[in-house]
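J.: Quick one: this structure, given as structure tokens, is what I'll be asking you about.
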Amino acid sequence: MHHIVSIEAGALVADLRRPAFEHTWAEHKATSQSQVAERLRDATIAVVNKRLLTADIINVLPRLQMVAIAATGYNNVDLDACRARGIVVSNVRGYARETVPEHVFALLLALARQIGPFHRSVAAGRWQRSEQFCYFDYPIRDLAGQTLGIFGSGTLGQGVARIAAAFGMKVVFGEHKGAETCRPGYLPFEQLIREADVISLHCPLTDATRHLIGAAELAAMKPTALLINTARGGLVDEEALADALRARQIGGAGFDVLTVEPPVDNPLLAPDLLEAGNFILTPHVAWSSREAMQTLADQLIDNIEAFARGEPVNRVA
């Protein structure tokens with residue numbers, strides 16, 4: 001009989017059905033990293049989200065047969081250690097195809113239309129003191145006609161592209177950094193960095209993509225360019241971005257992710273940045289519409305049931 005242990009149940013708000021096979025189920029709303037090995041000690045199936053499953057942890061879980069990731073990203077799991085043990089690892093795919101692109105445009109529109117600065121100015125009484133019916137303290141930009149550069153052409157990148165087309169934006173996809181050749185329909189990495197009015201990131205976090213955007217890339221961007229990151233915090237050098245935002249080196253940035261979450265001593269949490277008007281930060285919620293979370297929950301259990309039938313799906317290991 002399978003023993004299923006979910007260690008981060010509080011990270012999902014959905015109706016999570018129980019798998020349709022004989023099993024036992026243990027659930028923890030939250031689990032610290034130091035508790036992971038102990039709580040998964042007897043698990044044959046581990047349900048995880050962001051907690052690390054390192055080789056050291058995997059090697060002390062003798063009964064473990066499957067890791068069911070309640071997310072798309074899997075950089076928190078040591079896949080080589082799982083392969084060495086024959087442990088199946090499956091992730092959830094496509095559940096955020098609507099909600100993440102919509103969040104991208106929520107951030108983008110808020111920055112381009114200066115929603116935050118205008119709202120704060122009204123709250124401070126600026127409109128009430130105005131000599132005419134409106135005022136132009138913060139310049140507004142239309143999205144129509146702007147060039148949107150996208151790194152990552154999977155489901156989410158394509159979803160952003162579809163919305164951008166409806167706004168009348170010119171969409172271009174960027175080639176891998178350091179690539180010797182450029183795929184048809186893509187722009188070389190450096191050219192996209194220079195030419196895009198908006199850059200949106202939709203890449204996995206790997207050794208090749210870590211700090212994809214650093215000080216050199218920020219310096220090469222247009223001074224009016226906007227940077228949107230709803231993928232992984234490590235894709236951007238956060239110290240370099242903080243410096244660029246303070247210097248008004250780029251037009252602004254909208255982020256939903258940070259390198260360490262919950263964040264501790266992150267340079268992008270500095271009060272002056274959060275209050276400056278050219279930076280918006282949301283707490284990794286782009287994926288979390290109620291509709292998306294229910295889709296995720298359903299697919300998570302589908303993955304577990306498929307594994308139990310001997311027909312694993314959505315495998316990453």
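Residue names in the structure tokens use chain letters A, B, ... in the order shown, residue numbers from 1 in each chain, and ligand numbers from 1 in the order shown.
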Could you pull out the residues in stretch 148-201 of chain A that DSSP calls helix (DSSP H, G or I) from the backbone, as a VMD selection string?

T.: chain A and resid 155 to 166 189 to 195

J.: Restricted to N, CA and C atoms, what would the selected residues look like written as a PDB file, in the first residue's frame?

T.:
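Writing done, so here's result.pdb:
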ATOM      1  N   THR A 155       4.618  27.304 -22.992  1.00  0.00           N
ATOM      2  CA  THR A 155       3.204  27.631 -22.835  1.00  0.00           C
ATOM      3  C   THR A 155       2.998  29.054 -22.327  1.00  0.00           C
ATOM      4  N   LEU A 156       3.775  29.464 -21.326  1.00  0.00           N
ATOM      5  CA  LEU A 156       3.569  30.778 -20.727  1.00  0.00           C
ATOM      6  C   LEU A 156       4.077  31.888 -21.634  1.00  0.00           C
ATOM      7  N   GLY A 157       5.221  31.680 -22.240  1.00  0.00           N
ATOM      8  CA  GLY A 157       5.731  32.675 -23.179  1.00  0.00           C
ATOM      9  C   GLY A 157       4.784  32.885 -24.343  1.00  0.00           C
ATOM     10  N   GLN A 158       4.232  31.795 -24.843  1.00  0.00           N
ATOM     11  CA  GLN A 158       3.279  31.897 -25.955  1.00  0.00           C
ATOM     12  C   GLN A 158       1.985  32.566 -25.503  1.00  0.00           C
ATOM     13  N   GLY A 159       1.579  32.309 -24.255  1.00  0.00           N
ATOM     14  CA  GLY A 159       0.384  32.965 -23.729  1.00  0.00           C
ATOM     15  C   GLY A 159       0.561  34.467 -23.620  1.00  0.00           C
ATOM     16  N   VAL A 160       1.741  34.891 -23.181  1.00  0.00           N
ATOM     17  CA  VAL A 160       2.041  36.322 -23.125  1.00  0.00           C
ATOM     18  C   VAL A 160       2.035  36.918 -24.527  1.00  0.00           C
ATOM     19  N   ALA A 161       2.590  36.184 -25.483  1.00  0.00           N
ATOM     20  CA  ALA A 161       2.633  36.674 -26.864  1.00  0.00           C
ATOM     21  C   ALA A 161       1.237  36.899 -27.420  1.00  0.00           C
ATOM     22  N   ARG A 162       0.306  36.004 -27.103  1.00  0.00           N
ATOM     23  CA  ARG A 162      -1.069  36.147 -27.612  1.00  0.00           C
ATOM     24  C   ARG A 162      -1.727  37.413 -27.065  1.00  0.00           C
ATOM     25  N   ILE A 163      -1.557  37.660 -25.782  1.00  0.00           N
ATOM     26  CA  ILE A 163      -2.143  38.867 -25.204  1.00  0.00           C
ATOM     27  C   ILE A 163      -1.482  40.109 -25.789  1.00  0.00           C
ATOM     28  N   ALA A 164      -0.166  40.055 -25.945  1.00  0.00           N
ATOM     29  CA  ALA A 164       0.565  41.197 -26.498  1.00  0.00           C
ATOM     30  C   ALA A 164       0.073  41.546 -27.894  1.00  0.00           C
ATOM     31  N   ALA A 165      -0.191  40.532 -28.697  1.00  0.00           N
ATOM     32  CA  ALA A 165      -0.689  40.780 -30.051  1.00  0.00           C
ATOM     33  C   ALA A 165      -2.023  41.507 -30.010  1.00  0.00           C
ATOM     34  N   ALA A 166      -2.871  41.159 -29.039  1.00  0.00           N
ATOM     35  CA  ALA A 166      -4.170  41.827 -28.918  1.00  0.00           C
ATOM     36  C   ALA A 166      -4.007  43.303 -28.540  1.00  0.00           C
ATOM     37  N   PHE A 189      20.264  37.020 -28.622  1.00  0.00           N
ATOM     38  CA  PHE A 189      20.077  37.484 -27.246  1.00  0.00           C
ATOM     39  C   PHE A 189      20.437  38.954 -27.088  1.00  0.00           C
ATOM     40  N   GLU A 190      21.629  39.319 -27.512  1.00  0.00           N
ATOM     41  CA  GLU A 190      22.095  40.696 -27.306  1.00  0.00           C
ATOM     42  C   GLU A 190      21.255  41.703 -28.076  1.00  0.00           C
ATOM     43  N   GLN A 191      20.796  41.315 -29.276  1.00  0.00           N
ATOM     44  CA  GLN A 191      19.980  42.240 -30.068  1.00  0.00           C
ATOM     45  C   GLN A 191      18.639  42.486 -29.408  1.00  0.00           C
ATOM     46  N   LEU A 192      18.031  41.427 -28.879  1.00  0.00           N
ATOM     47  CA  LEU A 192      16.747  41.613 -28.205  1.00  0.00           C
ATOM     48  C   LEU A 192      16.908  42.506 -26.980  1.00  0.00           C
ATOM     49  N   ILE A 193      17.964  42.293 -26.213  1.00  0.00           N
ATOM     50  CA  ILE A 193      18.213  43.123 -25.031  1.00  0.00           C
ATOM     51  C   ILE A 193      18.266  44.595 -25.417  1.00  0.00           C
ATOM     52  N   ARG A 194      18.923  44.898 -26.542  1.00  0.00           N
ATOM     53  CA  ARG A 194      19.086  46.291 -26.967  1.00  0.00           C
ATOM     54  C   ARG A 194      17.814  46.905 -27.517  1.00  0.00           C
ATOM     55  N   GLU A 195      17.000  46.106 -28.204  1.00  0.00           N
ATOM     56  CA  GLU A 195      15.906  46.660 -28.996  1.00  0.00           C
ATOM     57  C   GLU A 195      14.541  46.602 -28.332  1.00  0.00           C
TER      58      GLU A 195
END

J.: Please extract the residues of stretch 127-267 of chain A with a backbone DSSP assignment of strand (DSSP E or B) and present them as a PyMOL selection string.

T.: chain A and resi 147-151+170-174+186-187+198-201+213+226-229+236+252-255

J.: Which residue gives the smallest distance to A:Ser6 among A:Asn229, A:Asn75, A:Thr282, A:Thr31, with only C-alpha atoms counted?

T.: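 Under the stated criterion, the closest residue is A:Thr31.
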
J.: So that I can check the surroundings of stretch 259-262 of chain A, please list as a PyMOL selection string every protein, DNA and RNA residue that reaches within 12 Å of it, counting only C-alpha atoms and ignoring chain neighbours fewer than 4 positions away.

T.: chain A and resi 32+50-51+76+205+210-211+229-239+255+266-269+282-285

J.: Provide the atom CA of A:Gly86 to atom CA of A:Leu52 distance in Å, to one decimal place.

T.: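 Computed distance, atom CA of A:Gly86 to atom CA of A:Leu52, equals 18.4 Å.
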
J.: Within 9 Å of A:Met1, counting only C-alpha atoms, which residues qualify if same-chain residues fewer than 4 places away don't, as a list in words?

T.: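 Result of the neighbour search: Phe21, Glu22, His23, Thr24 and Thr44 of chain A.
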
J.: Just N, CA, C and O atoms for this one: save the residues we selected as a compact mmCIF listing (two decimals), in the first residue's frame.

T.:
# COMPACT_ATOMS: atom_id res chain seq x y z
N PHE A 21 -7.02 4.78 -5.38
CA PHE A 21 -6.42 3.47 -5.12
C PHE A 21 -6.15 3.40 -3.62
O PHE A 21 -6.13 4.42 -2.92
N GLU A 22 -5.95 2.20 -3.12
CA GLU A 22 -5.76 2.03 -1.68
C GLU A 22 -4.45 2.68 -1.26
O GLU A 22 -3.39 2.43 -1.84
N HIS A 23 -4.52 3.52 -0.23
CA HIS A 23 -3.33 4.25 0.21
C HIS A 23 -3.58 4.83 1.60
O HIS A 23 -4.71 4.85 2.08
N THR A 24 -2.52 5.29 2.20
CA THR A 24 -2.63 6.12 3.39
C THR A 24 -2.12 7.51 3.02
O THR A 24 -1.28 7.67 2.13
N THR A 44 6.12 6.53 0.41
CA THR A 44 6.43 5.94 -0.90
C THR A 44 6.19 6.97 -2.00
O THR A 44 6.82 6.90 -3.05

J.: Take atom CA of A:Val92 and atom CA of A:Thr72 and report the distance between them in Å, one decimal.

T.: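 Atom-to-atom, atom CA of A:Val92 and atom CA of A:Thr72 are spaced 5.0 Å apart.
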